[in-house]
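Asks: Sharing a structure, written as structure tokens. Questions coming.
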Amino acid sequence: MVEGLGSIGSLVSSPWIYALVAVSVLLDIFLPVLPSGVLVITAATAAAAGSGAAAAGRVPQDVPDIVVLTLCAATASVAGDLAVYRLAWRGGARLDRAIARSRRLTSAQERLGGALARGGGALVVLARFAPAGRSVVSLVAGAAHRRVREFLPWSALAGLAWAAYSVALGYFGGQWLGATWLAAGVSLVALFGAGAGAAYLMRRQPRATEVS
């Protein structure tokens with residue numbers, strides 16, 4: 001199926017790829033070093049290889065379905081967000097003191113609180129793409145006791161946007177460059193580029209005290 005991707009081909013052609021992606025996306029909010037984006041892109045690249053084989057009249061082996069892959073990654077993303085949100089909600093005074101000692105977390109708390117209060121959660125969506133941004137925003141939203149109806153819709157939009165973008169990168173990269181490590185590498189560069197851009201935009205977000 002995906003000879004160009006080497007030994008990982010047998011993994012992405014297995015139904016277990018959905019479980020692996022879900023677990024990786026769910027847990028990378030706690031361990032940002034987990035390669036959830038790599039897995040999603042590789043699986044989507046394999047899906048492109050399968051569609052190419054079918055178009056050429058060959059019967060492809062089992063390959064990931066891009067719709068199922070997108071929904072799986074998005075659902076796991078929201079579940080991870082809510083897990084950290086709930087843990088932070090119950091964190092108590094010790095967590096509040098830890099946030100107060102961190103300039104980054106204090107700044108994030110001010111910005112996120114203002115954004116959600118104004119009914120705009122673009123910061124939550126941006127944070128999903130930024131390195132460790134998802135962890136920080138979910139932690140701060142829970143610690144600040146933001147209402148779940150303020151946070152959850154934006155978390156869902158963020159998870160779906162990130163999953164759809166990652167799957168699209170892998171799928172179209174595989175269509176254009178073939179199911180090779182080159183295609184996966186180019187797609188990953190684009191994903192990391194989006195993360196760098198999101199981090200830059202987050203730093204430029206005005207604090208709540210500056211816009212109130």
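In the structure tokens, the first chain shown is A, the next is B, and so on; residue numbers restart at 1 for each chain, and ligands run from 1 in the order shown.
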Could you list, as a PDB file with N, CA, C and O atoms, in the first residue's frame, every residue within 7 Å of Ala79 in chain A, counting only C-alpha atoms and ignoring same-chain residues fewer than 4 positions away?
Replies:
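What landed in around01.pdb:
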ATOM      1  N   LEU A  26      -5.127  12.431  22.441  1.00  0.00           N
ATOM      2  CA  LEU A  26      -5.686  12.616  23.775  1.00  0.00           C
ATOM      3  C   LEU A  26      -4.606  12.937  24.796  1.00  0.00           C
ATOM      4  O   LEU A  26      -4.775  13.819  25.653  1.00  0.00           O
ATOM      5  N   THR A  75     -12.222  14.463  18.001  1.00  0.00           N
ATOM      6  CA  THR A  75     -12.880  14.028  19.240  1.00  0.00           C
ATOM      7  C   THR A  75     -11.867  13.822  20.365  1.00  0.00           C
ATOM      8  O   THR A  75     -12.091  14.229  21.507  1.00  0.00           O
ATOM      9  N   ALA A  83     -10.350  17.068  29.805  1.00  0.00           N
ATOM     10  CA  ALA A  83      -9.697  16.404  30.929  1.00  0.00           C
ATOM     11  C   ALA A  83      -8.825  17.384  31.712  1.00  0.00           C
ATOM     12  O   ALA A  83      -8.884  17.447  32.950  1.00  0.00           O
TER      13      ALA A  83
END
Asks: As a PyMOL selection string, please: all residues of range 121-173 of chain A that backbone DSSP puts in helix (DSSP H, G or I).
Replies: chain A and resi 122-129+133-143+148-173
Asks: Figure out the distance between CA of Arg101 in chain A and CA of Leu82 in chain A, please, to one decimal in Å.
Replies: 23.8 Å
Asks: So which one's closest to Ala144 in chain A, A:Ile41, A:Met202, A:Arg90, A:Ile66? Using only C-alpha atoms, please.
Replies: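 Smallest distance to Ala144 in chain A is found for A:Arg90.
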Asks: Write out as a list in words each polymer residue whose atoms come within 7 Å of Phe129 in chain A, counting only C-alpha atoms; drop sequence neighbours fewer than 2 positions from it.
Replies: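 So, after excluding close chain neighbours, the residues are Leu126, Ala127, Pro131, Trp162, Ala194, Gly195 and Ala198 of chain A.
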Asks: Save out the residues we just selected, all heavy atoms, as a PDB file, in the first residue's frame.
Replies:
ATOM      1  N   LEU A 126      -6.368  29.296  17.985  1.00  0.00           N
ATOM      2  CA  LEU A 126      -4.948  29.533  17.710  1.00  0.00           C
ATOM      3  C   LEU A 126      -4.064  28.653  18.583  1.00  0.00           C
ATOM      4  O   LEU A 126      -3.073  28.086  18.123  1.00  0.00           O
ATOM      5  CB  LEU A 126      -4.605  31.004  17.965  1.00  0.00           C
ATOM      6  CG  LEU A 126      -4.983  32.024  16.902  1.00  0.00           C
ATOM      7  CD1 LEU A 126      -4.673  33.431  17.394  1.00  0.00           C
ATOM      8  CD2 LEU A 126      -4.245  31.752  15.593  1.00  0.00           C
ATOM      9  N   ALA A 127      -4.451  28.518  19.843  1.00  0.00           N
ATOM     10  CA  ALA A 127      -3.633  27.752  20.779  1.00  0.00           C
ATOM     11  C   ALA A 127      -3.534  26.291  20.382  1.00  0.00           C
ATOM     12  O   ALA A 127      -2.544  25.630  20.690  1.00  0.00           O
ATOM     13  CB  ALA A 127      -4.210  27.871  22.190  1.00  0.00           C
ATOM     14  N   PRO A 131       2.696  25.262  19.684  1.00  0.00           N
ATOM     15  CA  PRO A 131       3.322  24.259  20.548  1.00  0.00           C
ATOM     16  C   PRO A 131       2.951  24.472  22.009  1.00  0.00           C
ATOM     17  O   PRO A 131       3.159  25.552  22.561  1.00  0.00           O
ATOM     18  CB  PRO A 131       4.820  24.493  20.316  1.00  0.00           C
ATOM     19  CG  PRO A 131       4.904  25.132  18.961  1.00  0.00           C
ATOM     20  CD  PRO A 131       3.675  25.993  18.855  1.00  0.00           C
ATOM     21  N   TRP A 162      -7.847  21.806  13.674  1.00  0.00           N
ATOM     22  CA  TRP A 162      -6.515  21.203  13.674  1.00  0.00           C
ATOM     23  C   TRP A 162      -6.527  19.846  12.980  1.00  0.00           C
ATOM     24  O   TRP A 162      -5.639  19.535  12.177  1.00  0.00           O
ATOM     25  CB  TRP A 162      -6.015  21.049  15.107  1.00  0.00           C
ATOM     26  CG  TRP A 162      -4.704  20.349  15.208  1.00  0.00           C
ATOM     27  CD1 TRP A 162      -3.454  20.902  15.074  1.00  0.00           C
ATOM     28  CD2 TRP A 162      -4.491  18.952  15.443  1.00  0.00           C
ATOM     29  NE1 TRP A 162      -2.495  19.928  15.215  1.00  0.00           N
ATOM     30  CE2 TRP A 162      -3.093  18.729  15.441  1.00  0.00           C
ATOM     31  CE3 TRP A 162      -5.347  17.870  15.652  1.00  0.00           C
ATOM     32  CZ2 TRP A 162      -2.544  17.470  15.653  1.00  0.00           C
ATOM     33  CZ3 TRP A 162      -4.803  16.613  15.859  1.00  0.00           C
ATOM     34  CH2 TRP A 162      -3.415  16.421  15.853  1.00  0.00           C
ATOM     35  N   ALA A 194       2.401  26.380  10.597  1.00  0.00           N
ATOM     36  CA  ALA A 194       1.146  26.891  11.140  1.00  0.00           C
ATOM     37  C   ALA A 194       1.259  27.087  12.648  1.00  0.00           C
ATOM     38  O   ALA A 194       0.736  28.061  13.209  1.00  0.00           O
ATOM     39  CB  ALA A 194       0.000  25.936  10.813  1.00  0.00           C
ATOM     40  N   GLY A 195       1.974  26.168  13.315  1.00  0.00           N
ATOM     41  CA  GLY A 195       2.168  26.299  14.751  1.00  0.00           C
ATOM     42  C   GLY A 195       2.980  27.532  15.106  1.00  0.00           C
ATOM     43  O   GLY A 195       2.654  28.254  16.059  1.00  0.00           O
ATOM     44  N   ALA A 198       0.763  30.526  14.616  1.00  0.00           N
ATOM     45  CA  ALA A 198      -0.216  30.645  15.694  1.00  0.00           C
ATOM     46  C   ALA A 198       0.431  31.191  16.964  1.00  0.00           C
ATOM     47  O   ALA A 198      -0.149  32.034  17.658  1.00  0.00           O
ATOM     48  CB  ALA A 198      -0.856  29.288  15.965  1.00  0.00           C
TER      49      ALA A 198
END
Asks: Which residue out of A:Pro64, A:Val23, A:Gly174, A:Ala132 has the minimum interatomic distance to Ala76 in chain A when only C-alpha atoms are used?
Replies: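 Using only C-alpha atoms, the shortest distance to Ala76 in chain A belongs to A:Val23.
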Asks: So how many Å separate CA of Phe172 in chain A and CA of Ala49 in chain A, to one decimal?
Replies: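 Calculated distance between CA of Phe172 in chain A and CA of Ala49 in chain A is 10.2 Å.
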Asks: Using only C-alpha atoms, which residue out of A:Leu20, A:Val140, A:Val84, A:Ala74 lies closest to Val38 in chain A?
Replies: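 For Val38 in chain A, the nearest of the given residues is A:Leu20.
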Asks: Which residue gives the smallest distance to Val25 in chain A among A:Arg203, A:Val67, A:Ala73, A:Trp154, with only C-alpha atoms counted?
Replies: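 That would be A:Ala73, the residue with the smallest distance to Val25 in chain A.
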Asks: May I ask for the distance between CA of Phe30 in chain A and CA of Tyr171 in chain A, given in Å to one decimal place?
Replies: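 Rounded to one decimal, the two atoms are 27.3 Å apart.
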